Amino acid sequence: MSERKVLNKYFPPDFDPSLIPRRKGPKNSQQVVRLMAPFSMRCNTCGEYIYKGKKFNARKETVDGEDYYGIKIFRFYIKCTLCSAEITFKTDPKNTDYSAEHGASRNFEPWRDEKDGQEVDRLARLEEEENNPMKALENRTVDAKREMDILDALQDIRAKNARNERVGQSIDMVARIRVEDLETEEDQRRREEDEEDEKLVQEVFSKASAPTPLAGQSSNSSGSSSEASTSKPVTIKRKAGDIEPELHSLLPETTRELISSKAAVAAPSAKKPKSDLKSKLGIKVAKKGKVAV
């Protein structure tokens, strides 16, 4: 299978390029190109406005007998979008622009007049300086003074910007220091709050009521110890290796009584044996092979 993009073509050994006949075309043939309108224009036939940037399929040709210092000038043919009238315009290498030639008039552009006025003033000044040396000296003096004024103004602006930058840096530094102080104060306050919370948690979880007294103790001592246990909590401190007390012994007296009462209430009642209703009603059940009378 042959390649899709062929880089090397085969030429037979007896190939002679001089035998290929040259194609003769017209000297100034027109080419079809795709372009955009280089300026805003108005059709002279129907008055339709054609704005800059509108795309056309144009015909391009070289203008015979016209050039600008050896640069060729090209002419383009387009058609109006409304009436299909032919419009032509040419390139203008002198002004690096385009010029309308036939079929349409270019819209007014104020900046073009301003550029033209500046160019006229420059040419007039050059002509005046050539004929009058004193005028040329005066113009150079005025230009030098203008440049000095511009440099002075630029230096003032730079000094003002540098001063503002220094002030801004100092303000930023003060603001940064204030922010750091606030952050340190907030961290310290948060740390104190965390310590207080931790201390409160330790106090709450380390407190429990006193254990119940043993049965061999006297009644007076038991009464006094129960009153003390109900009125005053006792802090139990134990190591990690000690044997943990039973949960029931850590509960207060009222809680233990409440749990025991609930347990007594919730105890299931004894089930009564079912009475034989058949014997009470006088019904006898016959066994296999016998019939009840």
# chains A, B, ... in the order shown; residues from 1 in each chain; ligands from 1
$ residues_around --residues "segment 100-117 of chain A" --least-positions-apart "3" --cutoff "12 Å" --atoms "only C-alpha atoms" --output "ChimeraX atom specification"
/A:37-52,74-80,83-92,95,97,120-124
$ select_by_dssp --residues "segment 30-199 of chain A" --states "alpha helix (DSSP H)" --output "JSON, numbers by chain"
{"A": [110, 111, 112, 113, 114, 115, 116, 117, 118, 119, 120, 121, 122, 123, 124, 125, 126, 127, 128, 129, 130, 131, 133, 134, 135, 136, 137, 138, 139, 140, 141, 142, 143, 144, 145, 146, 147, 148, 149, 150, 151, 152, 153, 154, 155, 156, 157, 158, 159, 160, 161, 162, 163, 164, 165, 166, 167, 168, 169, 170, 171, 172, 173, 174, 175, 176, 177, 178, 179, 180, 181, 182, 183, 184, 185, 186, 187, 188, 189, 190, 191, 192, 193, 194, 195, 196, 197, 198, 199]}
$ closest_residue --among "A:Val32, A:Leu251, A:Ile171, A:Ile71" --to "Arg59 of chain A" --atoms "only C-alpha atoms"
A:Val32
$ closest_residue --among "A:Thr81, A:Ala58, A:Ile73, A:Val63" --to "Tyr98 of chain A" --atoms "only C-alpha atoms"
A:Ile73
$ atom_distance --atom1 "atom CA of Lys60 of chain A" --atom2 "atom CA of Arg34 of chain A"
9.7 Å
$ residues_around --residues "Leu35 of chain A" --least-positions-apart "4" --cutoff "7 Å" --atoms "only C-alpha atoms" --output "list in words"
Lys55, Phe56, Asn57 and Ala58 of chain A
$ atom_distance --atom1 "atom CA of Asp67 of chain A" --atom2 "atom CA of Thr96 of chain A"
13.3 Å
